[in-house]
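Please read the structure below before turning to the comments.
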Amino acid sequence: MPKNAISVSKSQRAWPQTNKAAYAGAINKTVEINLNQQSAIFGGIVGEISGALLGTATGALTMNLTGILMGFTAGVILGALAGLLIGLVVSRTAGSSGGPSIGAYTGMGTGAILGVMIGLLIPNSLRMSANTLHIPVLNALTSSRFETVALFAFLLCILGTVVGVWIGGKNYKPQKPTY
């Protein structure tokens, strides 16, 4: 009888430890997937709001309502898409231990790269139509492809920094100090 009691107690002790070890990997993967999804959604929301503000401010350079509304619309669309991508990249690089500064630098770099790609995709007809408004600031910013690419890289770099700081700060979980 004592032999059976010992074997039962050992099996009862060993099973929860094995169970925890088997599911520890699955729990970490679930947390990582949820962190990526939450960061992408939150990044899209922050990017949309920041893009709306940047687009409206850039559209205000035209000094007419059509330019302001077009800037707002473009800012919302580009901000949501860029915020989604930047949120994913920041959650992968910073994770839960990177903090706001890692998020800011990751968002800044990713935003600049996205801005260069988007600036290169702007057609010449759209770029030259800004010159027809005869506004000196727009003439200077859209006179060549380089200025257009630099403008978009700068604006999306700002947007990426804002999104990266928010995502990195939201996901940050301080580690316990080891003494």
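Residue numbering restarts at 1 for every chain of the structure tokens, chains are lettered A, B, ... in their displayed order, and ligands are numbered from 1 as they appear.
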
Next item on the list: Would you mind listing what lies within 10 Å of Ser144 (chain A) as a ChimeraX atom specification, with only C-alpha atoms counted and same-chain residues fewer than 3 positions away left out?
Entry: /A:124,127-128,139-141,147-149

For the residues in that selection, give me all heavy atoms as a PDB file, in the first residue's frame.
ATOM      1  N   ASN A 124       3.765  62.449 -62.109  1.00  0.00           N
ATOM      2  CA  ASN A 124       4.205  63.796 -62.485  1.00  0.00           C
ATOM      3  C   ASN A 124       3.033  64.741 -62.711  1.00  0.00           C
ATOM      4  O   ASN A 124       3.136  65.929 -62.431  1.00  0.00           O
ATOM      5  CB  ASN A 124       5.076  63.743 -63.736  1.00  0.00           C
ATOM      6  CG  ASN A 124       6.467  63.257 -63.426  1.00  0.00           C
ATOM      7  OD1 ASN A 124       6.946  63.399 -62.302  1.00  0.00           O
ATOM      8  ND2 ASN A 124       7.118  62.677 -64.420  1.00  0.00           N
ATOM      9  N   ARG A 127       1.968  66.056 -59.384  1.00  0.00           N
ATOM     10  CA  ARG A 127       3.017  66.926 -58.854  1.00  0.00           C
ATOM     11  C   ARG A 127       3.028  68.263 -59.577  1.00  0.00           C
ATOM     12  O   ARG A 127       3.157  69.318 -58.965  1.00  0.00           O
ATOM     13  CB  ARG A 127       4.367  66.217 -58.986  1.00  0.00           C
ATOM     14  CG  ARG A 127       5.506  66.919 -58.329  1.00  0.00           C
ATOM     15  CD  ARG A 127       6.765  66.085 -58.369  1.00  0.00           C
ATOM     16  NE  ARG A 127       7.147  65.623 -59.687  1.00  0.00           N
ATOM     17  CZ  ARG A 127       7.815  66.372 -60.577  1.00  0.00           C
ATOM     18  NH1 ARG A 127       8.143  67.594 -60.273  1.00  0.00           N
ATOM     19  NH2 ARG A 127       8.132  65.880 -61.737  1.00  0.00           N
ATOM     20  N   MET A 128       2.849  68.258 -60.881  1.00  0.00           N
ATOM     21  CA  MET A 128       2.862  69.502 -61.652  1.00  0.00           C
ATOM     22  C   MET A 128       1.581  70.314 -61.472  1.00  0.00           C
ATOM     23  O   MET A 128       1.593  71.524 -61.665  1.00  0.00           O
ATOM     24  CB  MET A 128       3.080  69.196 -63.138  1.00  0.00           C
ATOM     25  CG  MET A 128       4.439  68.568 -63.411  1.00  0.00           C
ATOM     26  SD  MET A 128       5.817  69.466 -62.674  1.00  0.00           S
ATOM     27  CE  MET A 128       5.927  70.832 -63.772  1.00  0.00           C
ATOM     28  N   ASN A 139       5.253  75.553 -54.898  1.00  0.00           N
ATOM     29  CA  ASN A 139       6.161  75.521 -56.044  1.00  0.00           C
ATOM     30  C   ASN A 139       7.530  75.005 -55.632  1.00  0.00           C
ATOM     31  O   ASN A 139       8.173  74.257 -56.365  1.00  0.00           O
ATOM     32  CB  ASN A 139       6.289  76.908 -56.674  1.00  0.00           C
ATOM     33  CG  ASN A 139       5.022  77.322 -57.391  1.00  0.00           C
ATOM     34  OD1 ASN A 139       4.182  76.487 -57.712  1.00  0.00           O
ATOM     35  ND2 ASN A 139       4.883  78.614 -57.633  1.00  0.00           N
ATOM     36  N   ALA A 140       7.991  75.406 -54.468  1.00  0.00           N
ATOM     37  CA  ALA A 140       9.302  74.956 -54.002  1.00  0.00           C
ATOM     38  C   ALA A 140       9.283  73.479 -53.618  1.00  0.00           C
ATOM     39  O   ALA A 140      10.252  72.759 -53.846  1.00  0.00           O
ATOM     40  CB  ALA A 140       9.750  75.795 -52.814  1.00  0.00           C
ATOM     41  N   LEU A 141       8.174  73.011 -53.040  1.00  0.00           N
ATOM     42  CA  LEU A 141       8.106  71.623 -52.577  1.00  0.00           C
ATOM     43  C   LEU A 141       7.809  70.623 -53.689  1.00  0.00           C
ATOM     44  O   LEU A 141       8.054  69.435 -53.523  1.00  0.00           O
ATOM     45  CB  LEU A 141       7.051  71.490 -51.479  1.00  0.00           C
ATOM     46  CG  LEU A 141       7.388  72.159 -50.154  1.00  0.00           C
ATOM     47  CD1 LEU A 141       6.212  72.057 -49.211  1.00  0.00           C
ATOM     48  CD2 LEU A 141       8.609  71.552 -49.537  1.00  0.00           C
ATOM     49  N   GLU A 147      12.227  66.930 -54.276  1.00  0.00           N
ATOM     50  CA  GLU A 147      11.522  67.691 -53.246  1.00  0.00           C
ATOM     51  C   GLU A 147      10.240  66.987 -52.807  1.00  0.00           C
ATOM     52  O   GLU A 147       9.889  67.005 -51.627  1.00  0.00           O
ATOM     53  CB  GLU A 147      11.197  69.111 -53.719  1.00  0.00           C
ATOM     54  CG  GLU A 147      12.371  70.056 -53.665  1.00  0.00           C
ATOM     55  CD  GLU A 147      13.175  70.029 -54.955  1.00  0.00           C
ATOM     56  OE1 GLU A 147      12.782  69.318 -55.900  1.00  0.00           O
ATOM     57  OE2 GLU A 147      14.196  70.723 -55.006  1.00  0.00           O
ATOM     58  N   THR A 148       9.546  66.359 -53.748  1.00  0.00           N
ATOM     59  CA  THR A 148       8.318  65.638 -53.410  1.00  0.00           C
ATOM     60  C   THR A 148       8.631  64.432 -52.528  1.00  0.00           C
ATOM     61  O   THR A 148       7.955  64.188 -51.525  1.00  0.00           O
ATOM     62  CB  THR A 148       7.598  65.182 -54.695  1.00  0.00           C
ATOM     63  OG1 THR A 148       7.375  66.320 -55.516  1.00  0.00           O
ATOM     64  CG2 THR A 148       6.280  64.531 -54.376  1.00  0.00           C
ATOM     65  N   VAL A 149       9.673  63.700 -52.890  1.00  0.00           N
ATOM     66  CA  VAL A 149      10.074  62.533 -52.089  1.00  0.00           C
ATOM     67  C   VAL A 149      10.526  62.976 -50.705  1.00  0.00           C
ATOM     68  O   VAL A 149      10.180  62.359 -49.692  1.00  0.00           O
ATOM     69  CB  VAL A 149      11.177  61.725 -52.817  1.00  0.00           C
ATOM     70  CG1 VAL A 149      11.796  60.686 -51.909  1.00  0.00           C
ATOM     71  CG2 VAL A 149      10.611  61.067 -54.061  1.00  0.00           C
TER      72      VAL A 149
END

Next item on the list: Point out the residue among A:Met63, A:Ala57, A:Leu81, A:Ala130 with the least atom-to-atom distance to Phe42 (chain A), counting only C-alpha atoms.
Entry: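 Checking each of A:Met63, A:Ala57, A:Leu81, A:Ala130 against Phe42 (chain A), counting only C-alpha atoms, the winner is A:Leu81.
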
Margin query: Could you list, as a PyMOL selection string, every residue within 12 Å of Met108 (chain A), counting only C-alpha atoms and ignoring same-chain residues fewer than 3 positions away?
Written below: chain A and resi 82-83+86-87+89-90+100-105+111-115+153-165

Check: Hey, which of A:Ile122, A:Ala60, A:Met70, A:Leu88 ends up closest to Asn34 (chain A)? Count only C-alpha atoms.
Finding: A:Leu88

Checklist line | Selection: 12 Å around Gly67 (chain A), only C-alpha atoms, excl. self and same-chain fewer than 4 positions, as a ChimeraX atom specification | finding: /A:55-63,71-75,129-130,133,135,138

Item checked: Val76 (chain A) surroundings by only C-alpha atoms, 7 Å radius, close-in-sequence under 3 positions cut, as a list in words ->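 Everything that qualifies: Glu48, Ile49, Gly51, Ala52, Phe72, Thr73, Gly79 and Ala80 of chain A.
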
Given the selection you just returned, output its residues as a file containing all heavy atoms, formatted as a short mmCIF file (atom, residue, chain, number, x, y, z; two decimals), in the first residue's frame.
data_model
loop_
_atom_site.label_atom_id
_atom_site.label_comp_id
_atom_site.auth_asym_id
_atom_site.auth_seq_id
_atom_site.Cartn_x
_atom_site.Cartn_y
_atom_site.Cartn_z
N GLU A 48 -4.10 57.39 -38.18
CA GLU A 48 -5.22 58.08 -38.83
C GLU A 48 -5.41 59.48 -38.24
O GLU A 48 -5.57 60.45 -38.98
CB GLU A 48 -6.49 57.26 -38.66
CG GLU A 48 -7.65 57.71 -39.46
CD GLU A 48 -8.82 56.74 -39.37
OE1 GLU A 48 -8.67 55.65 -38.79
OE2 GLU A 48 -9.88 57.10 -39.88
N ILE A 49 -5.35 59.58 -36.94
CA ILE A 49 -5.53 60.89 -36.29
C ILE A 49 -4.35 61.80 -36.59
O ILE A 49 -4.52 62.97 -36.97
CB ILE A 49 -5.72 60.70 -34.77
CG1 ILE A 49 -7.04 59.98 -34.50
CG2 ILE A 49 -5.67 62.04 -34.05
CD1 ILE A 49 -7.19 59.50 -33.07
N GLY A 51 -2.24 61.51 -39.11
CA GLY A 51 -2.25 61.80 -40.53
C GLY A 51 -3.27 62.86 -40.89
O GLY A 51 -3.03 63.69 -41.78
N ALA A 52 -4.41 62.84 -40.22
CA ALA A 52 -5.42 63.88 -40.47
C ALA A 52 -4.88 65.26 -40.09
O ALA A 52 -5.08 66.23 -40.83
CB ALA A 52 -6.69 63.57 -39.68
N PHE A 72 -6.54 66.66 -45.92
CA PHE A 72 -7.15 65.90 -44.83
C PHE A 72 -7.43 64.46 -45.26
O PHE A 72 -7.10 63.51 -44.56
CB PHE A 72 -8.45 66.58 -44.38
CG PHE A 72 -9.23 65.79 -43.36
CD1 PHE A 72 -8.85 65.79 -42.04
CD2 PHE A 72 -10.33 65.05 -43.74
CE1 PHE A 72 -9.55 65.06 -41.08
CE2 PHE A 72 -11.05 64.31 -42.81
CZ PHE A 72 -10.66 64.32 -41.48
N THR A 73 -8.03 64.30 -46.45
CA THR A 73 -8.37 62.96 -46.94
C THR A 73 -7.13 62.13 -47.18
O THR A 73 -7.06 60.95 -46.77
CB THR A 73 -9.19 63.08 -48.24
OG1 THR A 73 -10.33 63.90 -47.99
CG2 THR A 73 -9.64 61.71 -48.72
N GLY A 79 -2.22 57.96 -43.34
CA GLY A 79 -1.95 57.78 -41.91
C GLY A 79 -2.42 56.45 -41.38
O GLY A 79 -1.74 55.80 -40.59
N ALA A 80 -3.61 56.02 -41.82
CA ALA A 80 -4.12 54.73 -41.36
C ALA A 80 -3.27 53.58 -41.88
O ALA A 80 -2.92 52.67 -41.12
CB ALA A 80 -5.57 54.56 -41.81
#

Select from region 23-146 of chain A everything DSSP, run on the backbone, classes as alpha helix (DSSP H), then give the selection as a PDB file with C-alpha atoms, in the first residue's frame.
ATOM      1  CA  TYR A  23       1.530  24.968 -22.672  1.00  0.00           C
ATOM      2  CA  ALA A  24       4.139  27.625 -21.871  1.00  0.00           C
ATOM      3  CA  GLY A  25       5.189  27.927 -25.515  1.00  0.00           C
ATOM      4  CA  ALA A  26       1.584  28.152 -26.696  1.00  0.00           C
ATOM      5  CA  ILE A  27       0.787  30.896 -24.173  1.00  0.00           C
ATOM      6  CA  ASN A  28       3.788  32.981 -25.278  1.00  0.00           C
ATOM      7  CA  LYS A  29       2.776  32.660 -28.941  1.00  0.00           C
ATOM      8  CA  THR A  30      -0.784  33.721 -28.134  1.00  0.00           C
ATOM      9  CA  VAL A  31       0.451  36.786 -26.252  1.00  0.00           C
ATOM     10  CA  GLU A  32       2.757  37.690 -29.163  1.00  0.00           C
ATOM     11  CA  ILE A  33      -0.032  37.380 -31.737  1.00  0.00           C
ATOM     12  CA  ASN A  34      -2.394  39.464 -29.613  1.00  0.00           C
ATOM     13  CA  LEU A  35       0.340  42.086 -29.092  1.00  0.00           C
ATOM     14  CA  ASN A  36       0.923  42.340 -32.846  1.00  0.00           C
ATOM     15  CA  GLN A  37      -2.788  42.604 -33.624  1.00  0.00           C
ATOM     16  CA  GLN A  38      -3.435  45.155 -30.900  1.00  0.00           C
ATOM     17  CA  SER A  39      -0.417  47.195 -31.960  1.00  0.00           C
ATOM     18  CA  ALA A  40      -1.506  47.180 -35.606  1.00  0.00           C
ATOM     19  CA  ILE A  41      -5.036  48.308 -34.769  1.00  0.00           C
ATOM     20  CA  PHE A  42      -3.869  50.950 -32.303  1.00  0.00           C
ATOM     21  CA  GLY A  43      -1.181  52.104 -34.748  1.00  0.00           C
ATOM     22  CA  GLY A  44      -3.817  52.493 -37.452  1.00  0.00           C
ATOM     23  CA  ILE A  45      -5.966  54.627 -35.152  1.00  0.00           C
ATOM     24  CA  VAL A  46      -3.076  56.826 -33.998  1.00  0.00           C
ATOM     25  CA  GLY A  47      -1.794  57.052 -37.574  1.00  0.00           C
ATOM     26  CA  GLU A  48      -5.218  58.078 -38.832  1.00  0.00           C
ATOM     27  CA  ILE A  49      -5.528  60.885 -36.286  1.00  0.00           C
ATOM     28  CA  SER A  50      -1.937  62.073 -36.755  1.00  0.00           C
ATOM     29  CA  GLY A  51      -2.252  61.799 -40.534  1.00  0.00           C
ATOM     30  CA  ALA A  52      -5.417  63.878 -40.466  1.00  0.00           C
ATOM     31  CA  LEU A  53      -3.630  66.613 -38.549  1.00  0.00           C
ATOM     32  CA  LEU A  54      -0.527  66.539 -40.778  1.00  0.00           C
ATOM     33  CA  GLY A  55      -2.607  66.350 -43.953  1.00  0.00           C
ATOM     34  CA  THR A  56      -4.784  69.264 -42.907  1.00  0.00           C
ATOM     35  CA  ALA A  57      -1.732  71.363 -42.025  1.00  0.00           C
ATOM     36  CA  THR A  58      -0.075  70.507 -45.336  1.00  0.00           C
ATOM     37  CA  GLY A  59      -3.305  71.165 -47.239  1.00  0.00           C
ATOM     38  CA  LEU A  65     -10.871  74.751 -48.931  1.00  0.00           C
ATOM     39  CA  THR A  66     -10.344  72.151 -51.663  1.00  0.00           C
ATOM     40  CA  GLY A  67      -6.651  71.843 -50.836  1.00  0.00           C
ATOM     41  CA  ILE A  68      -7.380  71.532 -47.127  1.00  0.00           C
ATOM     42  CA  LEU A  69      -9.981  68.795 -47.693  1.00  0.00           C
ATOM     43  CA  MET A  70      -7.695  66.923 -50.100  1.00  0.00           C
ATOM     44  CA  GLY A  71      -4.849  67.135 -47.588  1.00  0.00           C
ATOM     45  CA  PHE A  72      -7.147  65.896 -44.833  1.00  0.00           C
ATOM     46  CA  THR A  73      -8.373  62.963 -46.938  1.00  0.00           C
ATOM     47  CA  ALA A  74      -4.891  61.971 -48.075  1.00  0.00           C
ATOM     48  CA  GLY A  75      -3.621  62.309 -44.501  1.00  0.00           C
ATOM     49  CA  VAL A  76      -6.331  60.043 -43.109  1.00  0.00           C
ATOM     50  CA  ILE A  77      -5.788  57.344 -45.742  1.00  0.00           C
ATOM     51  CA  LEU A  78      -1.976  57.415 -45.688  1.00  0.00           C
ATOM     52  CA  GLY A  79      -1.945  57.784 -41.910  1.00  0.00           C
ATOM     53  CA  ALA A  80      -4.122  54.727 -41.361  1.00  0.00           C
ATOM     54  CA  LEU A  81      -2.086  52.546 -43.718  1.00  0.00           C
ATOM     55  CA  ALA A  82       1.272  53.784 -42.488  1.00  0.00           C
ATOM     56  CA  GLY A  83       0.152  53.547 -38.849  1.00  0.00           C
ATOM     57  CA  LEU A  84      -0.911  49.947 -39.359  1.00  0.00           C
ATOM     58  CA  LEU A  85       2.446  48.983 -40.878  1.00  0.00           C
ATOM     59  CA  ILE A  86       4.463  50.967 -38.356  1.00  0.00           C
ATOM     60  CA  GLY A  87       2.468  49.455 -35.480  1.00  0.00           C
ATOM     61  CA  LEU A  88       3.357  45.966 -36.713  1.00  0.00           C
ATOM     62  CA  VAL A  89       7.039  46.793 -37.155  1.00  0.00           C
ATOM     63  CA  VAL A  90       7.299  48.491 -33.758  1.00  0.00           C
ATOM     64  CA  SER A  91       5.583  45.607 -31.969  1.00  0.00           C
ATOM     65  CA  ARG A  92       8.047  43.189 -33.588  1.00  0.00           C
ATOM     66  CA  THR A  93      11.167  45.232 -32.777  1.00  0.00           C
ATOM     67  CA  GLY A  99       9.913  51.067 -24.525  1.00  0.00           C
ATOM     68  CA  PRO A 100       9.041  54.369 -26.177  1.00  0.00           C
ATOM     69  CA  SER A 101      12.527  55.231 -27.413  1.00  0.00           C
ATOM     70  CA  ILE A 102      12.941  51.993 -29.387  1.00  0.00           C
ATOM     71  CA  GLY A 103       9.449  52.561 -30.774  1.00  0.00           C
ATOM     72  CA  ALA A 104      10.281  56.146 -31.744  1.00  0.00           C
ATOM     73  CA  TYR A 105      13.433  55.239 -33.635  1.00  0.00           C
ATOM     74  CA  THR A 106      11.820  52.245 -35.323  1.00  0.00           C
ATOM     75  CA  GLY A 107       8.795  54.322 -36.327  1.00  0.00           C
ATOM     76  CA  MET A 108      11.021  57.149 -37.542  1.00  0.00           C
ATOM     77  CA  GLY A 109      13.032  54.878 -39.820  1.00  0.00           C
ATOM     78  CA  THR A 110      10.041  52.929 -41.069  1.00  0.00           C
ATOM     79  CA  GLY A 111       8.088  56.124 -41.721  1.00  0.00           C
ATOM     80  CA  ALA A 112      10.946  57.630 -43.708  1.00  0.00           C
ATOM     81  CA  ILE A 113      11.256  54.488 -45.846  1.00  0.00           C
ATOM     82  CA  LEU A 114       7.491  54.435 -46.466  1.00  0.00           C
ATOM     83  CA  GLY A 115       7.565  58.139 -47.307  1.00  0.00           C
ATOM     84  CA  VAL A 116      10.289  57.641 -49.890  1.00  0.00           C
ATOM     85  CA  MET A 117       8.344  54.802 -51.507  1.00  0.00           C
ATOM     86  CA  ILE A 118       5.085  56.779 -51.564  1.00  0.00           C
ATOM     87  CA  GLY A 119       6.840  59.931 -52.781  1.00  0.00           C
ATOM     88  CA  LEU A 120       8.331  57.996 -55.685  1.00  0.00           C
ATOM     89  CA  LEU A 121       4.868  56.742 -56.662  1.00  0.00           C
ATOM     90  CA  ASN A 124       4.205  63.796 -62.485  1.00  0.00           C
ATOM     91  CA  SER A 125       0.773  65.090 -63.486  1.00  0.00           C
ATOM     92  CA  LEU A 126      -0.297  65.420 -59.832  1.00  0.00           C
ATOM     93  CA  ARG A 127       3.017  66.926 -58.854  1.00  0.00           C
ATOM     94  CA  MET A 128       2.862  69.502 -61.652  1.00  0.00           C
ATOM     95  CA  SER A 129      -0.769  70.404 -60.887  1.00  0.00           C
ATOM     96  CA  PRO A 136       5.520  79.828 -53.595  1.00  0.00           C
ATOM     97  CA  VAL A 137       5.702  77.165 -50.877  1.00  0.00           C
ATOM     98  CA  LEU A 138       4.062  74.514 -53.053  1.00  0.00           C
ATOM     99  CA  ASN A 139       6.161  75.521 -56.044  1.00  0.00           C
ATOM    100  CA  ALA A 140       9.302  74.956 -54.002  1.00  0.00           C
ATOM    101  CA  LEU A 141       8.106  71.623 -52.577  1.00  0.00           C
ATOM    102  CA  ARG A 145      10.733  64.641 -57.794  1.00  0.00           C
ATOM    103  CA  PHE A 146      13.445  64.998 -55.126  1.00  0.00           C
TER     104      PHE A 146
END

Next item on the list: Find the residues near Tyr172 (chain A): any atom within 6 Å, counting only C-alpha atoms, skip ones fewer than 3 places away on the same chain, and give them as a list in words.
Entry: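 Contacts, with the query itself left out: Ser96, Ser97, Gly99 and Gly169 of chain A.
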
Create the file for the chosen residues now, containing C-alpha atoms and written as a CSV table (one decimal), in the first residue's frame.
chain,number,residue,atom,x,y,z
A,96,SER,CA,7.1,44.5,-24.5
A,97,SER,CA,10.6,45.3,-23.3
A,99,GLY,CA,9.9,51.1,-24.5
A,169,GLY,CA,5.0,53.1,-24.6

Notebook entry, point to check: If you measure from CA of Ala94 (chain A) to CA of Pro177 (chain A), what distance in Å do you get, rounded to one decimal?
Noted result: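 The value is 19.2 Å.
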
Check: Between CA of Asn64 (chain A) and CA of Pro123 (chain A), what is the distance, to one decimal in Å?
Finding: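 Separation between CA of Asn64 (chain A) and CA of Pro123 (chain A): 22.3 Å.
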